[in-house]
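Data first, discussion second: the structure below is written as structure tokens.
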There are 2 protein chains.
Amino acid sequence: MIDYPKPDSVSIVEQSSHLPRFDEWAETNEGRQPLTRAHMVTSALELMDETGLEGLTMRRLADTLGVKSASLYWHVRDKEELLNLMADAICSEIRPPEGSDDWRQRLEALAREYRRVLKTHRDAALLLATTLPVGPYRLRLAETHLATLLDAGFTAEVTARASLLFVDYVTNFVVEEDRAEAIAAAFQTDSDDADAVSGWFAALPVDQYPSLVALAPLLTNPNTEARFEFGMTTLLNGLPTP
Amino acid sequence: MIDYPKPDSVSIVEQSSHLPRFDEWAETNEGRQPLTRAHMVTSALELMDETGLEGLTMRRLADTLGVKSASLYWHVRDKEELLNLMADAICSEIRPPEGSDDWRQRLEALAREYRRVLKTHRDAALLLATTLPVGPYRLRLAETHLATLLDAGFTAEVTARASLLFVDYVTNFVVEEDRAEAIAAAFQTDSDDADAVSGWFAALPVDQYPSLVALAPLLTNPNTEARFEFGMTTLLNGLPTP
DNA sequence: ACCTGAACACCGTTCAAGT
DNA sequence: ACCTGAACACCGTTCAAGT
């Protein structure tokens with residue numbers, strides 16, 4: 001059912017494998033050069049920036065490319081493959097920060113960089129969260145994490161678990177962060193922009209949800225930066241000593 | 001755009017608000033009693049058990065209820081509301097474990113219970129992850145978490161952050177857990193059931209991904225129970241002292 | 001080699017109309 | 001009060017056919 005690509009086909013964003021050449025039909029095609037996978041992926045990312053992941057549609061993508069939707073399936077097996085390529089393209093922007101030889105600082109820097117990249121495209125975090133970690137650049141990220149932890153002297157088992165925990169934390173944090181922003185934006189249209197969501201929590205019945213009511217502003221009004229660091233610190237502090 | 005229910009409408013799974021009564025048409029309707037929200041929600045959960053969240057469709061749900069899809073919209077504003085009701089119905093199964101007066105043990109027990117409930121329906125974790133925490137039972141869960149942390153002596157700020165971190169951890173853990181199971185099941189059809197996914201990682205180019213290759217079995221072959229506990233312990237250990 | 005036309009089998013939702 | 005018919009505006013994907 002689920003398509004786990006074979007290892008040798010770890011997909012590259014570049015050209016499709018059967019060398020695309022200008023042939024007898026090229027001159028018939030005149031001005032329009034044929035679609036490439038790379039072009040498809042960049043256009044798909046632009047479209048996602050405008051419409052969000054749920055608005056990214058094979059048909060709409062075809063339109064922006066001046067092509068019929070059926071054509072996309074010559075370049076890509078299905079939508080899932082396209083999404084994988086997009087996810088990998090996003091991860092290709094990650095510049096693994098070198099520097100400190102403290103493993104902790106290396107991990108923190110890597111997490112911040114990963115989060116930064118997740119913020120460069122609308123719904124990037126959601127895309128990464130709903131897509132499988134295949135693709136060379138995503139694998140690179142995982143590799144870097146693992147290597148850092150192994151270097152630090154953690155056991156193989158702790159390394160594997162900590163790495164999964166850590167990457168998932170960042171991804172899901174940004175997913176929630178994005179969602180909160182979207183909700184806030186939706187509310188901001190009417191009334192003053194005092195936090196309407198926190199108002200919603202504050203208006204719950206106090207006798208049933210005393211803590212929820214009391215902490216309403218803290219639960220919603222974000223200070224995202226600090227919250228992100230809090231989670232990261234908690235995770236790193238909680239690890240067994242290497 | 002996004003519909004945050006007004007606080008006074010915190011939705012109850014029970015009846016719709018305008019008292020449903022047998023009236024002059026009741027006898028015309030003979031055997032079939034009218035749909036109720038409660039019935040819709042239980043049927044929707046059953047359907048999700050069979051087809052997964054992505055197979056849960058307003059049209060299919062209508063079919064299993066012996067009704068046309070348009071009818072559902074008399075009972076429910078839209079699909080999102082139905083999903084919220086389902087999420088809340090699932091959370092209503094949570095029996096907050098009492099007992100220990102150690103906050104840490106209380107939190108651990110609560111997390112295990114929450115995870116247990118997430119496992120009682122296919123894709124429950126995914127549903128909870130993609131749905132907003134409105135609905136009385138979900139709010140109860142949050143309230144319990146917050147109260148426990150406040151009781152333990154954490155500051156309001158740490159309580160808020162730790163609670164979000166903790167609930168999200170459990171939910172997302174189970175999402176990944178479910179996904180891994182689905183993938184494994186998809187692979188299991190062919191070949192022996194030796195872990196094909198770990199084989200995929202193991203077959204990556206060693207020179208590029210040495211750690212990934214070395215840790216392949218640990219990254220995929222789960223021992224989910226232990227991994228869940230590892231993450232929980234890490235989070236709890238990492239918290240500042242109350 | 002690459003693209004189109006046309007279809008298939010679906011979606012969520014609305015709304016006038018029925019009972 | 002509750003349900004249906006019929007439509008609207010979409011989806012992803014396939015496949016024979018065109019150039």
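By order of appearance in the structure tokens: chains A, B, ..., then residues from 1 within every chain, and ligands from 1 in the order shown.
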
Overlay target chain B, mobile chain A, all C-alpha paired in order, as a compact mmCIF listing (two decimals) with C-alpha atoms, in the first residue's frame:
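Writing done, so here's superposed.txt:
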```txt
# COMPACT_ATOMS: atom_id res chain seq x y z
CA MET A 1 -11.74 31.75 8.36
CA ILE A 2 -11.17 29.32 11.17
CA ASP A 3 -14.10 28.62 13.38
CA TYR A 4 -13.30 28.85 17.02
CA PRO A 5 -16.55 27.93 18.72
CA LYS A 6 -17.89 30.44 21.17
CA PRO A 7 -17.31 29.37 24.76
CA ASP A 8 -20.98 28.93 25.51
CA SER A 9 -21.32 26.52 22.64
CA VAL A 10 -18.63 24.12 23.84
CA SER A 11 -20.12 21.21 22.09
CA ILE A 12 -21.59 18.26 23.85
CA VAL A 13 -21.85 14.96 22.06
CA GLU A 14 -25.43 14.59 23.21
CA GLN A 15 -28.53 15.93 21.63
CA SER A 16 -28.70 19.01 19.47
CA SER A 17 -30.07 21.93 21.38
CA HIS A 18 -33.52 22.40 19.78
CA LEU A 19 -35.40 19.62 21.53
CA PRO A 20 -36.01 16.83 19.04
CA ARG A 21 -39.58 15.60 19.44
CA PHE A 22 -41.78 13.15 17.72
CA ASP A 23 -44.30 15.26 15.88
CA GLU A 24 -46.82 14.77 13.15
CA TRP A 25 -44.22 13.33 10.83
CA ALA A 26 -42.96 10.81 13.33
CA GLU A 27 -45.64 8.30 12.44
CA THR A 28 -44.96 8.86 8.80
CA ASN A 29 -41.37 7.95 9.50
CA GLU A 30 -42.51 4.68 11.04
CA GLY A 31 -39.58 2.48 12.00
CA ARG A 32 -36.69 4.85 11.49
CA GLN A 33 -36.08 7.12 14.42
CA PRO A 34 -34.33 10.35 13.52
CA LEU A 35 -30.60 10.62 13.54
CA THR A 36 -28.97 12.03 16.62
CA ARG A 37 -25.60 13.64 16.95
CA ALA A 38 -24.54 10.91 19.36
CA HIS A 39 -25.41 8.24 16.83
CA MET A 40 -23.59 10.09 14.09
CA VAL A 41 -20.46 10.29 16.19
CA THR A 42 -20.40 6.63 17.15
CA SER A 43 -20.99 5.57 13.56
CA ALA A 44 -18.27 7.92 12.41
CA LEU A 45 -15.85 6.35 14.87
CA GLU A 46 -16.76 2.88 13.66
CA LEU A 47 -16.26 3.96 10.09
CA MET A 48 -12.87 5.43 10.98
CA ASP A 49 -11.91 2.15 12.59
CA GLU A 50 -12.53 0.41 9.29
CA THR A 51 -11.22 2.93 6.81
CA GLY A 52 -8.88 5.21 8.71
CA LEU A 53 -9.27 8.96 9.00
CA GLU A 54 -8.69 9.55 5.31
CA GLY A 55 -11.43 7.09 4.42
CA LEU A 56 -13.92 8.83 6.67
CA THR A 57 -16.12 10.73 4.31
CA MET A 58 -19.37 12.56 4.80
CA ARG A 59 -20.85 10.62 1.92
CA ARG A 60 -19.72 7.26 3.20
CA LEU A 61 -20.89 8.08 6.69
CA ALA A 62 -24.29 9.00 5.29
CA ASP A 63 -24.43 5.66 3.50
CA THR A 64 -23.76 3.64 6.63
CA LEU A 65 -26.45 5.64 8.36
CA GLY A 66 -28.93 4.94 5.57
CA VAL A 67 -29.31 8.59 4.76
CA LYS A 68 -28.23 11.02 2.07
CA SER A 69 -25.10 13.06 2.68
CA ALA A 70 -26.98 16.33 2.67
CA SER A 71 -28.88 15.21 5.74
CA LEU A 72 -25.78 15.21 7.87
CA TYR A 73 -25.63 18.97 7.60
CA TRP A 74 -28.77 19.32 9.55
CA HIS A 75 -27.05 17.83 12.58
CA VAL A 76 -23.62 19.25 12.15
CA ARG A 77 -22.33 22.50 10.73
CA ASP A 78 -19.59 20.91 8.69
CA LYS A 79 -17.10 18.07 8.69
CA GLU A 80 -14.80 19.92 11.05
CA GLU A 81 -17.46 20.00 13.71
CA LEU A 82 -17.97 16.28 13.34
CA LEU A 83 -14.25 15.69 13.73
CA ASN A 84 -14.21 17.82 16.85
CA LEU A 85 -17.06 15.81 18.31
CA MET A 86 -15.28 12.58 17.51
CA ALA A 87 -12.08 13.80 19.12
CA ASP A 88 -13.96 14.76 22.22
CA ALA A 89 -15.82 11.45 22.34
CA ILE A 90 -12.50 9.65 22.27
CA CYS A 91 -11.18 11.77 25.11
CA SER A 92 -14.26 11.02 27.14
CA GLU A 93 -12.83 7.52 27.62
CA ILE A 94 -9.91 8.83 29.61
CA ARG A 95 -10.13 7.72 33.22
CA PRO A 96 -7.82 10.12 35.02
CA PRO A 97 -5.89 7.79 37.30
CA GLU A 98 -6.02 8.79 40.91
CA GLY A 99 -3.67 7.44 43.49
CA SER A 100 -0.11 8.47 44.05
CA ASP A 101 0.46 11.91 45.48
CA ASP A 102 3.75 12.17 43.67
CA TRP A 103 3.10 14.62 40.81
CA ARG A 104 5.56 12.80 38.61
CA GLN A 105 3.82 9.50 38.96
CA ARG A 106 0.48 11.18 38.42
CA LEU A 107 1.68 12.70 35.17
CA GLU A 108 3.16 9.45 33.99
CA ALA A 109 -0.01 7.55 34.75
CA LEU A 110 -2.07 10.19 32.98
CA ALA A 111 0.15 10.04 29.91
CA ARG A 112 -0.06 6.26 29.76
CA GLU A 113 -3.81 6.40 30.11
CA TYR A 114 -4.05 9.03 27.38
CA ARG A 115 -1.94 6.91 25.10
CA ARG A 116 -4.03 3.85 25.87
CA VAL A 117 -7.15 5.71 24.81
CA LEU A 118 -5.48 6.96 21.64
CA LYS A 119 -4.92 3.33 20.77
CA THR A 120 -8.58 2.34 21.13
CA HIS A 121 -9.50 3.75 17.72
CA ARG A 122 -7.63 3.64 14.48
CA ASP A 123 -6.09 7.03 13.67
CA ALA A 124 -7.33 8.53 16.91
CA ALA A 125 -3.96 10.18 17.47
CA LEU A 126 -3.98 11.68 13.99
CA LEU A 127 -7.49 12.96 14.58
CA LEU A 128 -6.47 14.57 17.84
CA ALA A 129 -3.38 16.04 16.25
CA THR A 130 -5.28 17.68 13.40
CA THR A 131 -8.15 18.98 15.45
CA LEU A 132 -8.42 21.93 17.81
CA PRO A 133 -8.55 21.32 21.58
CA VAL A 134 -12.11 22.49 22.02
CA GLY A 135 -14.69 20.22 23.56
CA PRO A 136 -15.26 19.56 27.23
CA TYR A 137 -13.41 16.28 27.59
CA ARG A 138 -10.29 17.51 25.90
CA LEU A 139 -10.40 20.57 28.08
CA ARG A 140 -10.74 18.29 31.10
CA LEU A 141 -7.54 16.55 30.13
CA ALA A 142 -5.71 19.84 29.82
CA GLU A 143 -7.17 21.03 33.09
CA THR A 144 -5.96 17.92 34.88
CA HIS A 145 -2.47 18.37 33.51
CA LEU A 146 -2.29 21.99 34.53
CA ALA A 147 -3.71 21.37 37.97
CA THR A 148 -1.22 18.61 38.62
CA LEU A 149 1.70 20.79 37.68
CA LEU A 150 0.44 23.78 39.63
CA ASP A 151 -0.10 21.53 42.65
CA ALA A 152 3.44 20.35 42.33
CA GLY A 153 4.57 23.92 42.79
CA PHE A 154 5.63 24.87 39.30
CA THR A 155 5.24 28.49 38.29
CA ALA A 156 2.35 29.41 36.05
CA GLU A 157 4.67 29.88 33.12
CA VAL A 158 6.48 26.58 33.47
CA THR A 159 3.16 24.84 34.04
CA ALA A 160 1.70 26.19 30.83
CA ARG A 161 4.75 25.31 28.76
CA ALA A 162 5.36 21.91 30.31
CA SER A 163 1.76 20.93 29.86
CA LEU A 164 1.71 21.80 26.17
CA LEU A 165 5.01 20.02 25.69
CA PHE A 166 3.80 16.93 27.45
CA VAL A 167 0.42 16.48 25.79
CA ASP A 168 1.87 17.18 22.36
CA TYR A 169 4.59 14.65 23.02
CA VAL A 170 2.13 11.86 23.71
CA THR A 171 -0.14 12.71 20.81
CA ASN A 172 2.63 12.96 18.28
CA PHE A 173 4.37 9.90 19.61
CA VAL A 174 1.28 7.83 18.92
CA VAL A 175 0.84 9.42 15.51
CA GLU A 176 4.31 8.25 14.56
CA GLU A 177 3.79 4.91 16.23
CA ASP A 178 0.63 4.32 14.19
CA ARG A 179 2.31 5.37 11.01
CA ALA A 180 5.22 3.02 11.59
CA GLU A 181 2.76 0.20 12.19
CA ALA A 182 0.92 0.98 8.99
CA ILE A 183 4.14 0.96 7.00
CA ALA A 184 5.28 -2.27 8.57
CA ALA A 185 1.92 -3.84 7.78
CA ALA A 186 2.17 -2.71 4.17
CA PHE A 187 5.57 -4.34 3.85
CA GLN A 188 4.61 -7.49 5.61
CA THR A 189 2.55 -8.71 2.69
CA ASP A 190 5.54 -9.80 0.65
CA SER A 191 8.76 -11.52 1.77
CA ASP A 192 9.32 -12.69 5.29
CA ASP A 193 8.38 -10.21 7.94
CA ALA A 194 11.93 -9.40 8.91
CA ASP A 195 11.87 -5.63 9.15
CA ALA A 196 11.96 -4.37 5.59
CA VAL A 197 12.07 -0.73 6.61
CA SER A 198 15.19 -1.18 8.65
CA GLY A 199 16.59 -3.02 5.64
CA TRP A 200 15.91 0.07 3.59
CA PHE A 201 17.97 2.22 5.93
CA ALA A 202 20.69 -0.40 6.18
CA ALA A 203 21.01 -0.35 2.40
CA LEU A 204 21.82 3.36 2.21
CA PRO A 205 25.33 4.31 1.06
CA VAL A 206 27.53 3.79 4.11
CA ASP A 207 30.02 6.48 3.21
CA GLN A 208 27.33 9.15 3.14
CA TYR A 209 25.15 7.98 5.99
CA PRO A 210 27.33 5.92 8.33
CA SER A 211 25.33 6.53 11.50
CA LEU A 212 22.01 5.99 9.77
CA VAL A 213 23.22 2.65 8.46
CA ALA A 214 24.73 1.62 11.77
CA LEU A 215 21.62 2.49 13.74
CA ALA A 216 19.11 1.26 11.17
CA PRO A 217 17.61 -1.47 13.35
CA LEU A 218 17.34 0.82 16.35
CA LEU A 219 15.69 3.58 14.33
CA THR A 220 12.97 1.42 12.91
CA ASN A 221 12.44 -1.73 14.93
CA PRO A 222 10.50 -0.12 17.64
CA ASN A 223 10.11 -1.56 21.10
CA THR A 224 7.54 1.15 21.30
CA GLU A 225 6.81 0.77 24.96
CA ALA A 226 10.37 1.50 25.97
CA ARG A 227 10.66 4.36 23.50
CA PHE A 228 7.54 5.96 24.88
CA GLU A 229 8.85 5.73 28.42
CA PHE A 230 12.21 7.08 27.33
CA GLY A 231 10.66 10.22 25.91
CA MET A 232 8.47 10.72 28.92
CA THR A 233 11.35 10.28 31.33
CA THR A 234 13.47 12.67 29.34
CA LEU A 235 10.79 15.32 29.44
CA LEU A 236 10.12 14.95 33.14
CA ASN A 237 13.79 14.82 34.06
CA GLY A 238 14.43 17.92 32.04
CA LEU A 239 11.88 20.10 33.79
CA PRO A 240 13.18 22.71 36.20
CA THR A 241 12.67 21.74 39.83
CA PRO A 242 9.29 22.94 41.07
```

Restrict the distance test to only C-alpha atoms (C1' of nucleotides), flag each residue of chain D within 12 Å of chain A, and return the flagged residues as an mmCIF file with N, CA, C and O atoms (P, O5', C5', C4', C3', O3' and C1' of nucleotides), in the first residue's frame.
```cif
data_model
loop_
_atom_site.group_PDB
_atom_site.id
_atom_site.type_symbol
_atom_site.label_atom_id
_atom_site.label_comp_id
_atom_site.auth_asym_id
_atom_site.auth_seq_id
_atom_site.Cartn_x
_atom_site.Cartn_y
_atom_site.Cartn_z
ATOM 1 P P DC D 10 -13.852 25.806 -7.987
ATOM 2 O "O5'" DC D 10 -13.672 24.490 -8.852
ATOM 3 C "C5'" DC D 10 -12.547 23.628 -8.642
ATOM 4 C "C4'" DC D 10 -12.771 22.734 -7.433
ATOM 5 C "C3'" DC D 10 -11.718 21.657 -7.307
ATOM 6 O "O3'" DC D 10 -10.599 22.203 -6.605
ATOM 7 C "C1'" DC D 10 -13.909 20.780 -6.880
ATOM 8 P P DC D 11 -9.116 21.908 -7.090
ATOM 9 O "O5'" DC D 11 -8.772 20.643 -6.219
ATOM 10 C "C5'" DC D 11 -8.912 19.407 -6.837
ATOM 11 C "C4'" DC D 11 -8.942 18.309 -5.827
ATOM 12 C "C3'" DC D 11 -8.059 17.178 -6.258
ATOM 13 O "O3'" DC D 11 -6.897 17.186 -5.447
ATOM 14 C "C1'" DC D 11 -10.334 16.452 -6.198
ATOM 15 P P DG D 12 -5.471 17.123 -6.211
ATOM 16 O "O5'" DG D 12 -5.347 15.562 -6.464
ATOM 17 C "C5'" DG D 12 -5.348 14.698 -5.349
ATOM 18 C "C4'" DG D 12 -5.393 13.262 -5.828
ATOM 19 C "C3'" DG D 12 -4.212 12.885 -6.720
ATOM 20 O "O3'" DG D 12 -3.754 11.596 -6.336
ATOM 21 C "C1'" DG D 12 -6.263 12.545 -7.888
ATOM 22 P P DT D 13 -2.490 10.909 -7.006
ATOM 23 O "O5'" DT D 13 -3.152 10.219 -8.280
ATOM 24 C "C5'" DT D 13 -4.211 9.297 -8.070
ATOM 25 C "C4'" DT D 13 -4.671 8.740 -9.394
ATOM 26 C "C3'" DT D 13 -3.543 8.404 -10.377
ATOM 27 O "O3'" DT D 13 -3.564 6.997 -10.573
ATOM 28 C "C1'" DT D 13 -5.363 9.504 -11.439
ATOM 29 P P DT D 14 -2.594 6.277 -11.594
ATOM 30 O "O5'" DT D 14 -3.532 6.142 -12.875
ATOM 31 C "C5'" DT D 14 -4.801 5.518 -12.725
ATOM 32 C "C4'" DT D 14 -5.430 5.272 -14.079
ATOM 33 C "C3'" DT D 14 -4.455 4.762 -15.156
ATOM 34 O "O3'" DT D 14 -5.150 3.782 -15.930
ATOM 35 C "C1'" DT D 14 -5.483 6.751 -15.910
ATOM 36 P P DC D 15 -4.405 2.660 -16.768
ATOM 37 O "O5'" DC D 15 -5.041 2.823 -18.215
ATOM 38 C "C5'" DC D 15 -6.189 3.651 -18.424
ATOM 39 C "C4'" DC D 15 -6.204 4.170 -19.851
ATOM 40 C "C3'" DC D 15 -5.004 3.714 -20.692
ATOM 41 O "O3'" DC D 15 -5.442 3.580 -22.045
ATOM 42 C "C1'" DC D 15 -5.051 6.041 -20.632
ATOM 43 P P DT D 19 -2.089 16.285 -33.903
ATOM 44 O "O5'" DT D 19 -0.583 16.501 -33.396
ATOM 45 C "C5'" DT D 19 -0.305 17.477 -32.427
ATOM 46 C "C4'" DT D 19 1.188 17.495 -32.148
ATOM 47 C "C3'" DT D 19 2.045 17.514 -33.426
ATOM 48 O "O3'" DT D 19 2.924 18.620 -33.374
ATOM 49 C "C1'" DT D 19 2.817 15.846 -31.920
#
```

Quick one: residues within 10 Å of region 16-18 of chain D, only C-alpha atoms (C1' of nucleotides), excluding same-chain residues fewer than 6 positions away - as a list in words?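 What passes the distance filter is DC3, DT4, DG5 and DA6 of chain C.
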
DSSP on the backbone, then: every residue of region 104-184 of chain A marked helix (DSSP H, G or I), written as a ChimeraX atom specification. /A:104-118,124-129,136-152,156-184
